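Quick look at upload.cif (mmCIF, C-alpha atoms):
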data_data
loop_
_atom_site.group_PDB
_atom_site.id
_atom_site.type_symbol
_atom_site.label_atom_id
_atom_site.label_comp_id
_atom_site.auth_asym_id
_atom_site.auth_seq_id
_atom_site.Cartn_x
_atom_site.Cartn_y
_atom_site.Cartn_z
ATOM 1 C CA MET A 1 139.651 58.823 94.327
ATOM 2 C CA PHE A 2 141.040 58.023 90.882
ATOM 3 C CA ASN A 3 142.679 60.771 88.812
ATOM 4 C CA SER A 4 143.759 58.673 85.832
ATOM 5 C CA LEU A 5 144.364 55.123 84.609
ATOM 6 C CA SER A 6 147.523 54.134 82.761
ATOM 7 C CA GLY A 7 147.807 50.828 80.936
ATOM 8 C CA ILE A 8 147.252 49.002 77.666
ATOM 9 C CA ILE A 9 144.276 50.033 75.536
ATOM 10 C CA THR A 10 142.462 46.737 74.868
ATOM 11 C CA GLY A 11 139.320 47.915 73.116
ATOM 12 C CA LYS A 12 137.662 50.906 71.487
ATOM 13 C CA PHE A 13 133.938 51.076 70.817
ATOM 14 C CA PRO A 14 131.322 53.834 70.444
ATOM 15 C CA GLN A 15 131.394 55.768 73.738
ATOM 16 C CA LYS A 16 133.420 52.990 75.358
ATOM 17 C CA LEU A 17 137.055 52.185 76.062
ATOM 18 C CA PHE A 18 138.706 49.150 77.657
ATOM 19 C CA ILE A 19 142.057 49.661 79.379
ATOM 20 C CA ASP A 20 144.097 47.007 81.191
ATOM 21 C CA THR A 21 146.085 48.082 84.236
ATOM 22 C CA HIS A 22 148.236 45.218 85.533
ATOM 23 C CA GLY A 23 145.628 42.539 84.886
ATOM 24 C CA ILE A 24 142.516 44.582 85.716
ATOM 25 C CA GLU A 25 140.534 45.583 82.633
ATOM 26 C CA TRP A 26 138.453 48.702 83.123
ATOM 27 C CA ASP A 27 135.268 49.506 81.208
ATOM 28 C CA VAL A 28 135.267 53.283 80.734
ATOM 29 C CA THR A 29 132.576 55.467 79.159
ATOM 30 C CA VAL A 30 134.223 58.068 76.918
ATOM 31 C CA PRO A 31 133.030 60.676 74.401
ATOM 32 C CA ASP A 32 133.485 59.461 70.828
ATOM 33 C CA SER A 33 135.591 62.566 70.178
ATOM 34 C CA ALA A 34 138.157 61.226 72.679
ATOM 35 C CA LEU A 35 138.702 57.916 70.880
ATOM 36 C CA ASP A 36 140.814 59.456 68.101
ATOM 37 C CA LYS A 37 142.977 61.272 70.653
ATOM 38 C CA LEU A 38 143.743 58.131 72.636
ATOM 39 C CA PRO A 39 146.389 55.579 71.552
ATOM 40 C CA SER A 40 145.424 52.685 69.300
ATOM 41 C CA VAL A 41 144.365 49.283 70.638
ATOM 42 C CA GLY A 42 147.390 47.400 71.925
ATOM 43 C CA SER A 43 149.286 50.575 72.813
ATOM 44 C CA GLU A 44 149.922 52.018 76.227
ATOM 45 C CA GLY A 45 147.858 55.040 77.135
ATOM 46 C CA ARG A 46 146.537 57.227 79.903
ATOM 47 C CA VAL A 47 142.901 58.082 80.515
ATOM 48 C CA TYR A 48 141.751 60.828 82.890
ATOM 49 C CA VAL A 49 138.756 59.515 84.783
ATOM 50 C CA TRP A 50 135.837 60.433 87.007
ATOM 51 C CA MET A 51 133.707 57.929 88.884
ATOM 52 C CA GLN A 52 129.978 58.332 89.304
ATOM 53 C CA HIS A 53 128.953 56.397 92.413
ATOM 54 C CA THR A 54 125.381 56.291 93.687
ATOM 55 C CA ASP A 55 123.302 53.787 95.644
ATOM 56 C CA ASN A 56 122.119 52.236 92.386
ATOM 57 C CA LEU A 57 125.065 52.400 90.022
ATOM 58 C CA MET A 58 128.775 52.909 89.525
ATOM 59 C CA ASN A 59 130.094 54.268 86.234
ATOM 60 C CA LEU A 60 133.602 55.287 85.202
ATOM 61 C CA TYR A 61 133.929 58.145 82.718
ATOM 62 C CA GLY A 62 137.163 58.804 80.845
ATOM 63 C CA PHE A 63 138.765 61.622 78.864
ATOM 64 C CA ALA A 64 141.838 62.069 76.690
ATOM 65 C CA SER A 65 143.053 65.074 78.703
ATOM 66 C CA ASP A 66 142.416 66.785 81.996
ATOM 67 C CA ARG A 67 141.152 69.777 80.010
ATOM 68 C CA ASP A 68 138.469 67.636 78.374
ATOM 69 C CA ARG A 69 137.486 66.335 81.788
ATOM 70 C CA GLN A 70 137.201 69.873 83.138
ATOM 71 C CA LEU A 71 134.794 70.773 80.329
ATOM 72 C CA PHE A 72 132.761 67.709 81.318
ATOM 73 C CA PHE A 73 132.618 69.017 84.910
ATOM 74 C CA ASP A 74 131.486 72.424 83.649
ATOM 75 C CA LEU A 75 128.701 70.832 81.618
ATOM 76 C CA LEU A 76 127.475 69.028 84.736
ATOM 77 C CA LYS A 77 126.822 72.439 86.326
ATOM 78 C CA VAL A 78 124.034 73.080 83.822
ATOM 79 C CA ASP A 79 120.576 72.187 85.073
ATOM 80 C CA GLY A 80 119.291 69.104 83.280
ATOM 81 C CA ILE A 81 122.672 67.856 82.022
ATOM 82 C CA GLY A 82 123.875 64.661 83.669
ATOM 83 C CA PRO A 83 127.006 62.595 82.946
ATOM 84 C CA LYS A 84 125.461 60.743 79.998
ATOM 85 C CA GLY A 85 124.121 63.982 78.543
ATOM 86 C CA ALA A 86 127.512 65.673 78.891
ATOM 87 C CA VAL A 87 129.216 62.786 77.089
ATOM 88 C CA LYS A 88 126.620 62.958 74.314
ATOM 89 C CA ILE A 89 127.312 66.675 73.871
ATOM 90 C CA MET A 90 131.073 66.042 73.717
ATOM 91 C CA ASN A 91 130.701 63.148 71.266
ATOM 92 C CA ASN A 92 130.829 65.055 68.005
ATOM 93 C CA THR A 93 132.692 68.228 68.900
ATOM 94 C CA THR A 94 136.122 69.012 70.287
ATOM 95 C CA THR A 95 136.684 70.837 73.547
ATOM 96 C CA ASP A 96 138.121 73.860 71.711
ATOM 97 C CA GLN A 97 135.117 74.019 69.367
ATOM 98 C CA LEU A 98 132.600 73.848 72.191
ATOM 99 C CA VAL A 99 134.514 76.372 74.289
ATOM 100 C CA SER A 100 134.631 78.785 71.345
ATOM 101 C CA ILE A 101 130.884 78.446 70.767
ATOM 102 C CA LEU A 102 130.123 79.090 74.440
ATOM 103 C CA GLU A 103 132.502 82.032 74.815
ATOM 104 C CA ASN A 104 131.186 83.670 71.639
ATOM 105 C CA GLY A 105 127.597 83.210 72.773
ATOM 106 C CA ASP A 106 126.739 81.537 69.470
ATOM 107 C CA LEU A 107 123.285 80.204 70.309
ATOM 108 C CA ALA A 108 122.490 79.112 66.746
ATOM 109 C CA MET A 109 125.679 77.055 66.468
ATOM 110 C CA LEU A 110 125.221 75.596 69.945
ATOM 111 C CA GLU A 111 121.746 74.366 69.047
ATOM 112 C CA LYS A 112 123.282 72.416 66.152
ATOM 113 C CA VAL A 113 125.553 70.399 68.439
ATOM 114 C CA PRO A 114 124.115 66.857 68.714
ATOM 115 C CA GLY A 115 122.619 66.347 72.149
ATOM 116 C CA VAL A 116 121.839 70.045 72.647
ATOM 117 C CA GLY A 117 118.300 71.281 72.110
ATOM 118 C CA LYS A 118 117.027 74.846 72.117
ATOM 119 C CA LYS A 119 116.239 74.954 75.844
ATOM 120 C CA THR A 120 119.492 73.240 76.835
ATOM 121 C CA ALA A 121 121.508 75.615 74.638
ATOM 122 C CA ALA A 122 119.955 78.619 76.369
ATOM 123 C CA LYS A 123 120.734 77.138 79.790
ATOM 124 C CA MET A 124 124.322 76.394 78.768
ATOM 125 C CA LEU A 125 124.950 79.974 77.664
ATOM 126 C CA LEU A 126 123.326 81.380 80.797
ATOM 127 C CA GLN A 127 125.316 79.208 83.180
ATOM 128 C CA LEU A 128 128.644 78.776 81.364
ATOM 129 C CA LYS A 129 129.377 81.775 79.154
ATOM 130 C CA GLY A 130 132.328 83.609 80.677
ATOM 131 C CA LYS A 131 132.453 81.139 83.556
ATOM 132 C CA LEU A 132 134.344 78.148 82.150
ATOM 133 C CA THR A 133 137.100 76.851 84.407
ATOM 134 C CA LEU A 134 139.435 75.356 81.809
ATOM 135 C CA GLU A 135 143.161 75.797 82.129
ATOM 136 C CA SER A 136 145.664 75.943 79.284
ATOM 137 C CA ASP A 137 146.686 72.630 77.768
ATOM 138 C CA GLY A 138 149.722 72.330 75.506
ATOM 139 C CA GLY A 139 149.755 76.005 74.632
ATOM 140 C CA THR A 140 146.040 76.266 73.960
ATOM 141 C CA THR A 141 144.568 79.584 75.064
ATOM 142 C CA ALA A 142 143.090 79.298 78.515
ATOM 143 C CA VAL A 143 139.481 80.164 79.215
ATOM 144 C CA ARG A 144 139.549 81.574 82.716
ATOM 145 C CA LYS A 145 136.713 81.761 85.141
ATOM 146 C CA ALA A 146 135.364 85.272 84.967
ATOM 147 C CA SER A 147 137.210 87.435 87.490
ATOM 148 C CA SER A 148 134.958 90.502 87.263
ATOM 149 C CA PRO A 149 132.410 90.764 90.094
ATOM 150 C CA TYR A 150 130.019 92.050 87.436
ATOM 151 C CA ALA A 151 130.519 89.258 84.894
ATOM 152 C CA ASP A 152 126.770 88.524 84.937
ATOM 153 C CA VAL A 153 126.066 92.133 83.944
ATOM 154 C CA ILE A 154 128.454 91.849 80.998
ATOM 155 C CA THR A 155 126.833 88.571 79.964
ATOM 156 C CA ALA A 156 123.360 90.131 80.086
ATOM 157 C CA LEU A 157 124.519 93.047 77.932
ATOM 158 C CA VAL A 158 126.105 90.708 75.378
ATOM 159 C CA ASP A 159 122.894 88.675 75.257
ATOM 160 C CA MET A 160 121.112 91.911 74.353
ATOM 161 C CA GLY A 161 123.397 92.268 71.352
ATOM 162 C CA TYR A 162 126.126 94.588 72.639
ATOM 163 C CA ASP A 163 129.776 93.925 71.792
ATOM 164 C CA LYS A 164 131.490 91.973 74.590
ATOM 165 C CA ALA A 165 134.613 94.139 74.710
ATOM 166 C CA LYS A 166 132.624 97.397 74.733
ATOM 167 C CA ALA A 167 130.248 96.029 77.350
ATOM 168 C CA GLY A 168 133.164 94.964 79.535
ATOM 169 C CA ASP A 169 134.825 98.369 79.213
ATOM 170 C CA ALA A 170 131.597 100.188 80.054
ATOM 171 C CA VAL A 171 130.915 98.037 83.114
ATOM 172 C CA ALA A 172 134.482 98.453 84.376
ATOM 173 C CA ARG A 173 134.359 102.233 83.841
ATOM 174 C CA ILE A 174 131.019 102.619 85.635
ATOM 175 C CA ALA A 175 132.163 100.400 88.519
ATOM 176 C CA ASP A 176 135.257 102.597 88.917
ATOM 177 C CA GLN A 177 133.053 105.699 89.048
ATOM 178 C CA PHE A 178 131.207 104.262 92.032
ATOM 179 C CA ALA A 179 134.340 102.923 93.741
ATOM 180 C CA GLY A 180 134.345 105.685 96.389
ATOM 181 C CA ASP A 181 130.571 105.821 96.889
ATOM 182 C CA ASP A 182 129.744 104.433 100.352
ATOM 183 C CA SER A 183 126.040 103.977 99.600
ATOM 184 C CA PHE A 184 126.917 101.953 96.496
ATOM 185 C CA ALA A 185 129.443 99.814 98.384
ATOM 186 C CA SER A 186 126.999 99.121 101.207
ATOM 187 C CA GLY A 187 124.257 97.973 98.865
ATOM 188 C CA SER A 188 123.578 94.357 97.928
ATOM 189 C CA GLN A 189 125.327 92.701 94.990
ATOM 190 C CA SER A 190 122.063 92.560 93.049
ATOM 191 C CA ALA A 191 121.423 96.268 93.667
ATOM 192 C CA ARG A 192 124.925 97.192 92.464
ATOM 193 C CA GLU A 193 124.529 94.985 89.392
ATOM 194 C CA ASP A 194 121.136 96.556 88.580
ATOM 195 C CA LEU A 195 122.534 100.080 88.816
ATOM 196 C CA ILE A 196 125.570 99.291 86.683
ATOM 197 C CA PHE A 197 123.401 97.434 84.157
ATOM 198 C CA ARG A 198 121.061 100.425 83.715
ATOM 199 C CA ARG A 199 123.926 102.903 83.451
ATOM 200 C CA ALA A 200 125.746 100.669 80.944
ATOM 201 C CA ILE A 201 122.688 100.446 78.684
ATOM 202 C CA VAL A 202 122.464 104.241 78.558
ATOM 203 C CA GLU A 203 126.179 104.591 77.852
ATOM 204 C CA LEU A 204 126.273 101.890 75.163
ATOM 205 C CA ALA A 205 123.173 103.267 73.446
ATOM 206 C CA ASN A 206 124.854 106.626 72.831
#

As C-alpha coordinates, the full file:
Amino acid sequence: MFNSLSGIITGKFPQKLFIDTHGIEWDVTVPDSALDKLPSVGSEGRVYVWMQHTDNLMNLYGFASDRDRQLFFDLLKVDGIGPKGAVKIMNNTTTDQLVSILENGDLAMLEKVPGVGKKTAAKMLLQLKGKLTLESDGGTTAVRKASSPYADVITALVDMGYDKAKAGDAVARIADQFAGDDSFASGSQSAREDLIFRRAIVELAN
(Lines of atoms letter the chains of each structure in order from A and count residues from 1; the text may use other names and numbers.)
(Lines give C-alpha, C1' and ligand atoms only; values in the text may rest on other atoms or scores of the structure.)
Protein backbone atom coordinates (compact mmCIF):
# COMPACT_ATOMS: atom_id res chain seq x y z
CA MET A 1 0.00 0.00 0.00
CA PHE A 2 1.12 3.57 -0.66
CA ASN A 3 2.62 5.64 2.16
CA SER A 4 3.45 8.78 0.19
CA LEU A 5 3.93 10.20 -3.31
CA SER A 6 6.92 12.32 -4.24
CA GLY A 7 7.04 14.30 -7.47
CA ILE A 8 6.21 17.59 -9.15
CA ILE A 9 3.10 19.44 -8.01
CA THR A 10 1.20 20.11 -11.26
CA GLY A 11 -2.05 21.57 -9.98
CA LYS A 12 -3.79 22.94 -6.91
CA PHE A 13 -7.56 23.31 -6.69
CA PRO A 14 -10.16 23.37 -3.90
CA GLN A 15 -9.82 20.01 -2.11
CA LYS A 16 -7.71 18.67 -4.97
CA LEU A 17 -4.04 18.28 -5.83
CA PHE A 18 -2.31 16.95 -8.94
CA ILE A 19 1.17 15.46 -8.53
CA ASP A 20 3.32 13.92 -11.27
CA THR A 21 5.54 11.00 -10.34
CA HIS A 22 7.75 9.99 -13.27
CA GLY A 23 5.07 10.55 -15.91
CA ILE A 24 2.06 9.40 -13.88
CA GLU A 25 -0.14 12.28 -12.73
CA TRP A 26 -2.15 11.50 -9.62
CA ASP A 27 -5.46 13.13 -8.71
CA VAL A 28 -5.46 13.44 -4.92
CA THR A 29 -8.24 14.72 -2.65
CA VAL A 30 -6.74 16.96 0.03
CA PRO A 31 -8.09 19.27 2.76
CA ASP A 32 -7.92 22.91 1.69
CA SER A 33 -5.84 23.59 4.81
CA ALA A 34 -3.10 21.35 3.34
CA LEU A 35 -2.73 23.33 0.11
CA ASP A 36 -0.82 26.19 1.75
CA LYS A 37 1.55 23.73 3.44
CA LEU A 38 2.43 21.95 0.21
CA PRO A 39 4.96 23.34 -2.31
CA SER A 40 3.80 25.63 -5.10
CA VAL A 41 2.81 24.36 -8.55
CA GLY A 42 5.90 23.39 -10.50
CA SER A 43 7.89 22.51 -7.38
CA GLU A 44 8.80 19.10 -6.09
CA GLY A 45 6.84 17.91 -3.10
CA ARG A 46 5.76 14.96 -1.02
CA VAL A 47 2.19 14.04 -0.17
CA TYR A 48 1.25 11.47 2.48
CA VAL A 49 -1.61 9.41 1.11
CA TRP A 50 -4.34 6.93 1.95
CA MET A 51 -6.35 5.01 -0.62
CA GLN A 52 -10.03 4.29 -0.20
CA HIS A 53 -10.84 1.20 -2.26
CA THR A 54 -14.30 -0.34 -2.40
CA ASP A 55 -16.25 -2.34 -4.97
CA ASN A 56 -17.70 0.88 -6.37
CA LEU A 57 -14.94 3.45 -6.13
CA MET A 58 -11.27 4.21 -5.62
CA ASN A 59 -10.19 7.53 -4.13
CA LEU A 60 -6.76 8.78 -3.10
CA TYR A 61 -6.59 11.16 -0.14
CA GLY A 62 -3.50 13.24 0.58
CA PHE A 63 -2.02 15.22 3.47
CA ALA A 64 0.88 17.60 3.99
CA SER A 65 2.27 15.56 6.89
CA ASP A 66 1.91 12.16 8.47
CA ARG A 67 0.53 13.91 11.55
CA ASP A 68 -2.29 15.43 9.50
CA ARG A 69 -3.03 12.01 8.06
CA GLN A 70 -3.17 10.49 11.54
CA LEU A 71 -5.78 13.07 12.58
CA PHE A 72 -7.76 12.06 9.49
CA PHE A 73 -7.62 8.42 10.64
CA ASP A 74 -8.81 9.44 14.11
CA LEU A 75 -11.76 11.32 12.62
CA LEU A 76 -12.76 8.20 10.70
CA LYS A 77 -13.26 6.42 14.04
CA VAL A 78 -16.22 8.67 14.81
CA ASP A 79 -19.58 7.20 13.89
CA GLY A 80 -21.03 9.02 10.89
CA ILE A 81 -17.77 10.58 9.68
CA GLY A 82 -16.48 9.17 6.40
CA PRO A 83 -13.43 10.22 4.35
CA LYS A 84 -15.21 13.11 2.64
CA GLY A 85 -16.63 14.33 5.95
CA ALA A 86 -13.20 14.16 7.60
CA VAL A 87 -11.67 16.21 4.78
CA LYS A 88 -14.46 18.77 5.09
CA ILE A 89 -13.77 19.11 8.81
CA MET A 90 -10.04 19.57 8.16
CA ASN A 91 -10.62 22.11 5.38
CA ASN A 92 -10.72 25.29 7.42
CA THR A 93 -8.77 24.40 10.54
CA THR A 94 -5.23 23.25 11.24
CA THR A 95 -4.41 19.97 12.92
CA ASP A 96 -3.08 21.78 16.01
CA GLN A 97 -6.25 23.88 16.29
CA LEU A 98 -8.55 20.88 16.01
CA VAL A 99 -6.46 18.83 18.43
CA SER A 100 -6.54 21.67 20.97
CA ILE A 101 -10.32 21.97 20.68
CA LEU A 102 -10.79 18.23 21.17
CA GLU A 103 -8.36 17.91 24.08
CA ASN A 104 -9.90 20.91 25.86
CA GLY A 105 -13.40 19.52 25.38
CA ASP A 106 -14.52 22.82 23.85
CA LEU A 107 -17.91 21.78 22.51
CA ALA A 108 -18.99 25.31 21.58
CA MET A 109 -15.85 25.92 19.51
CA LEU A 110 -16.06 22.48 17.91
CA GLU A 111 -19.60 23.17 16.75
CA LYS A 112 -18.31 26.25 14.91
CA VAL A 113 -15.89 24.23 12.78
CA PRO A 114 -17.35 23.99 9.24
CA GLY A 115 -18.58 20.48 8.59
CA VAL A 116 -19.28 19.77 12.27
CA GLY A 117 -22.84 19.98 13.56
CA LYS A 118 -24.07 19.73 17.13
CA LYS A 119 -24.57 15.95 17.08
CA THR A 120 -21.27 15.28 15.30
CA ALA A 121 -19.40 17.52 17.75
CA ALA A 122 -20.79 15.55 20.69
CA LYS A 123 -19.77 12.27 19.06
CA MET A 124 -16.28 13.59 18.33
CA LEU A 125 -15.70 14.59 21.95
CA LEU A 126 -17.07 11.28 23.24
CA GLN A 127 -14.92 9.15 20.95
CA LEU A 128 -11.75 11.23 20.57
CA LYS A 129 -11.15 13.36 23.66
CA GLY A 130 -8.08 11.99 25.40
CA LYS A 131 -7.76 9.24 22.81
CA LEU A 132 -6.01 10.91 19.87
CA THR A 133 -3.11 8.92 18.46
CA LEU A 134 -0.99 11.75 17.06
CA GLU A 135 2.75 11.70 17.46
CA SER A 136 5.04 14.72 17.71
CA ASP A 137 5.91 16.45 14.46
CA GLY A 138 8.76 18.94 14.23
CA GLY A 139 8.76 19.66 17.94
CA THR A 140 5.01 20.04 18.26
CA THR A 141 3.66 18.68 21.54
CA ALA A 142 2.45 15.15 21.11
CA VAL A 143 -1.09 14.14 21.97
CA ARG A 144 -0.74 10.60 23.23
CA LYS A 145 -3.39 7.96 23.33
CA ALA A 146 -4.71 7.88 26.86
CA SER A 147 -2.65 5.41 28.90
CA SER A 148 -4.88 5.34 31.99
CA PRO A 149 -7.21 2.31 32.15
CA TYR A 150 -9.78 4.73 33.56
CA ALA A 151 -9.50 7.41 30.88
CA ASP A 152 -13.24 7.12 30.17
CA VAL A 153 -13.98 7.90 33.82
CA ILE A 154 -11.83 11.03 33.65
CA THR A 155 -13.56 12.07 30.43
CA ALA A 156 -16.99 11.62 32.01
CA LEU A 157 -15.97 13.73 35.01
CA VAL A 158 -14.61 16.50 32.77
CA ASP A 159 -17.84 16.46 30.77
CA MET A 160 -19.65 17.09 34.05
CA GLY A 161 -17.60 20.24 34.52
CA TYR A 162 -14.75 19.06 36.76
CA ASP A 163 -11.18 20.21 36.11
CA LYS A 164 -9.28 17.64 34.03
CA ALA A 165 -6.14 17.66 36.16
CA LYS A 166 -8.09 17.35 39.43
CA ALA A 167 -10.27 14.62 37.97
CA GLY A 168 -7.21 12.71 36.79
CA ASP A 169 -5.54 13.01 40.19
CA ALA A 170 -8.68 11.85 42.00
CA VAL A 171 -9.15 8.85 39.72
CA ALA A 172 -5.49 7.84 40.06
CA ARG A 173 -5.62 8.21 43.86
CA ILE A 174 -8.81 6.15 44.19
CA ALA A 175 -7.47 3.46 41.84
CA ASP A 176 -4.33 3.20 44.00
CA GLN A 177 -6.49 2.77 47.11
CA PHE A 178 -8.12 -0.28 45.56
CA ALA A 179 -4.88 -1.69 44.12
CA GLY A 180 -4.65 -4.44 46.77
CA ASP A 181 -8.37 -5.23 46.91
CA ASP A 182 -8.95 -8.69 45.38
CA SER A 183 -12.70 -8.20 44.98
CA PHE A 184 -12.08 -4.96 43.09
CA ALA A 185 -9.44 -6.55 40.85
CA SER A 186 -11.67 -9.52 40.05
CA GLY A 187 -14.60 -7.35 39.03
CA SER A 188 -15.38 -6.31 35.46
CA GLN A 189 -13.88 -3.18 33.92
CA SER A 190 -17.28 -1.49 33.89
CA ALA A 191 -17.83 -2.31 37.57
CA ARG A 192 -14.42 -0.89 38.52
CA GLU A 193 -15.07 2.24 36.45
CA ASP A 194 -18.50 2.72 38.08
CA LEU A 195 -17.05 2.44 41.58
CA ILE A 196 -14.20 4.83 40.86
CA PHE A 197 -16.57 7.26 39.13
CA ARG A 198 -18.90 7.40 42.15
CA ARG A 199 -16.04 7.77 44.62
CA ALA A 200 -14.44 10.50 42.48
CA ILE A 201 -17.66 12.53 42.38
CA VAL A 202 -17.86 12.48 46.18
CA GLU A 203 -14.20 13.45 46.53
CA LEU A 204 -14.34 16.25 43.95
CA ALA A 205 -17.55 17.67 45.42
CA ASN A 206 -15.88 18.26 48.79

Hits of the PyMOL selection byres ((chain A and resi 95-105) around 8) in this structure, as an mmCIF file with C-alpha atoms, in the frame of the given file:
data_model
loop_
_atom_site.group_PDB
_atom_site.id
_atom_site.type_symbol
_atom_site.label_atom_id
_atom_site.label_comp_id
_atom_site.auth_asym_id
_atom_site.auth_seq_id
_atom_site.Cartn_x
_atom_site.Cartn_y
_atom_site.Cartn_z
ATOM 1 C CA ARG A 67 141.152 69.777 80.010
ATOM 2 C CA ASP A 68 138.469 67.636 78.374
ATOM 3 C CA LEU A 71 134.794 70.773 80.329
ATOM 4 C CA MET A 90 131.073 66.042 73.717
ATOM 5 C CA THR A 93 132.692 68.228 68.900
ATOM 6 C CA THR A 94 136.122 69.012 70.287
ATOM 7 C CA ASP A 106 126.739 81.537 69.470
ATOM 8 C CA LEU A 107 123.285 80.204 70.309
ATOM 9 C CA MET A 109 125.679 77.055 66.468
ATOM 10 C CA LEU A 110 125.221 75.596 69.945
ATOM 11 C CA MET A 124 124.322 76.394 78.768
ATOM 12 C CA LEU A 125 124.950 79.974 77.664
ATOM 13 C CA LEU A 128 128.644 78.776 81.364
ATOM 14 C CA LYS A 129 129.377 81.775 79.154
ATOM 15 C CA GLY A 130 132.328 83.609 80.677
ATOM 16 C CA VAL A 143 139.481 80.164 79.215
ATOM 17 C CA ASP A 159 122.894 88.675 75.257
#

Separation of atom CA of Lys112 of chain A from atom CA of Val28 of chain A in Å: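 Going from atom CA of Val28 of chain A over to atom CA of Lys112 of chain A, I get 26.9 Å.
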
Between atom CA of Gly7 of chain A and atom CA of Asn91 of chain A, measure the distance and give it in Å to one decimal. 23.2 Å

I need the residue nearest Gln127 of chain A from this list: A:Val78, A:Asp163, A:Pro114, A:Ile154. Use all atoms listed in the file for the distance.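 Distance minimum relative to Gln127 of chain A lands on A:Val78.
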
Tell me which protein, DNA and RNA residues are within 10 Å of Gly42 of chain A, counting only C-alpha atoms, leaving out same-chain ones fewer than 5 positions away, and put them as a PyMOL selection string. chain A and resi 7-11+19-20

Mind giving me the straight-line distance from atom CA of Ala156 of chain A to atom CA of Phe72 of chain A in Å, one decimal?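 For atom CA of Ala156 of chain A relative to atom CA of Phe72 of chain A, the distance reads 24.3 Å.
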
Report the residues retrieved by the PyMOL selection byres ((chain A and resi 84) around 10) from the displayed file, expressed as an MDAnalysis selection string. chainID A and resid 15 29:31 61 76 81:83 85:90

Leaving out Phe2 of chain A and any residue of its chain fewer than 2 positions from it, which residues lie within 8 Å of it when counting all atoms listed in the file, given as JSON, numbers by chain? {"A": [4, 5, 49, 50, 51]}

Give me the result of the PyMOL selection byres ((chain A and resi 152) around 10) on this file, residue by residue, as number ranges by chain. A: 126-127, 129-131, 146, 148-151, 153-158, 193, 197

Surrounding residues of Ala205 of chain A excluding itself and chain neighbours under 2 positions, 12 Å, all atoms listed in the file, as a PyMOL selection string: chain A and resi 157+160-163+166-167+170+198-203

In terms of the shortest atom-to-atom distance over all atoms listed in the file, which of A:Ala191, A:Asp176, A:Lys12, A:Ala122 is closest to Ser40 of chain A? A:Lys12

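Counting all atoms listed in the file, the residue from A:Ala179, A:Ala108, A:Ala185, A:Pro39 that sits nearest to Phe18 of chain A is A:Pro39.
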
Tell me which of A:Arg192, A:Phe178, A:Lys16, A:Ile24 sits closest to Asn59 of chain A, counting all atoms listed in the file.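 With all atoms listed in the file as the atom set, the closest residue is A:Lys16.
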
Atom completion result for segment 164-176 of chain A (N, CA, C and O atoms) as an mmCIF file, in the frame of the given file:
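Written out: selection12.cif:
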data_model
loop_
_atom_site.group_PDB
_atom_site.id
_atom_site.type_symbol
_atom_site.label_atom_id
_atom_site.label_comp_id
_atom_site.auth_asym_id
_atom_site.auth_seq_id
_atom_site.Cartn_x
_atom_site.Cartn_y
_atom_site.Cartn_z
ATOM 1 N N LYS A 164 130.981 92.420 73.289
ATOM 2 C CA LYS A 164 131.490 91.973 74.590
ATOM 3 C C LYS A 164 132.570 92.893 75.122
ATOM 4 O O LYS A 164 132.579 93.243 76.309
ATOM 5 N N ALA A 165 133.512 93.286 74.274
ATOM 6 C CA ALA A 165 134.613 94.139 74.710
ATOM 7 C C ALA A 165 134.100 95.509 75.160
ATOM 8 O O ALA A 165 134.514 96.034 76.199
ATOM 9 N N LYS A 166 133.175 96.093 74.375
ATOM 10 C CA LYS A 166 132.624 97.397 74.733
ATOM 11 C C LYS A 166 131.794 97.313 76.009
ATOM 12 O O LYS A 166 131.832 98.218 76.852
ATOM 13 N N ALA A 167 131.049 96.213 76.147
ATOM 14 C CA ALA A 167 130.248 96.029 77.350
ATOM 15 C C ALA A 167 131.146 95.902 78.578
ATOM 16 O O ALA A 167 130.875 96.489 79.627
ATOM 17 N N GLY A 168 132.225 95.141 78.428
ATOM 18 C CA GLY A 168 133.164 94.964 79.535
ATOM 19 C C GLY A 168 133.819 96.271 79.937
ATOM 20 O O GLY A 168 133.962 96.569 81.128
ATOM 21 N N ASP A 169 134.200 97.073 78.936
ATOM 22 C CA ASP A 169 134.825 98.369 79.213
ATOM 23 C C ASP A 169 133.848 99.311 79.923
ATOM 24 O O ASP A 169 134.219 100.023 80.874
ATOM 25 N N ALA A 170 132.611 99.305 79.454
ATOM 26 C CA ALA A 170 131.597 100.188 80.054
ATOM 27 C C ALA A 170 131.328 99.804 81.502
ATOM 28 O O ALA A 170 131.256 100.666 82.388
ATOM 29 N N VAL A 171 131.184 98.512 81.751
ATOM 30 C CA VAL A 171 130.915 98.037 83.114
ATOM 31 C C VAL A 171 132.083 98.374 84.039
ATOM 32 O O VAL A 171 131.889 98.836 85.169
ATOM 33 N N ALA A 172 133.299 98.155 83.564
ATOM 34 C CA ALA A 172 134.482 98.453 84.376
ATOM 35 C C ALA A 172 134.578 99.948 84.672
ATOM 36 O O ALA A 172 134.904 100.356 85.800
ATOM 37 N N ARG A 173 134.281 100.787 83.681
ATOM 38 C CA ARG A 173 134.359 102.233 83.841
ATOM 39 C C ARG A 173 133.313 102.731 84.844
ATOM 40 O O ARG A 173 133.620 103.556 85.722
ATOM 41 N N ILE A 174 132.102 102.203 84.729
ATOM 42 C CA ILE A 174 131.019 102.619 85.635
ATOM 43 C C ILE A 174 131.305 102.143 87.062
ATOM 44 O O ILE A 174 131.078 102.873 88.033
ATOM 45 N N ALA A 175 131.821 100.930 87.192
ATOM 46 C CA ALA A 175 132.163 100.400 88.519
ATOM 47 C C ALA A 175 133.231 101.261 89.175
ATOM 48 O O ALA A 175 133.181 101.529 90.386
ATOM 49 N N ASP A 176 134.198 101.736 88.385
ATOM 50 C CA ASP A 176 135.257 102.597 88.917
ATOM 51 C C ASP A 176 134.678 103.932 89.394
ATOM 52 O O ASP A 176 135.148 104.506 90.395
#
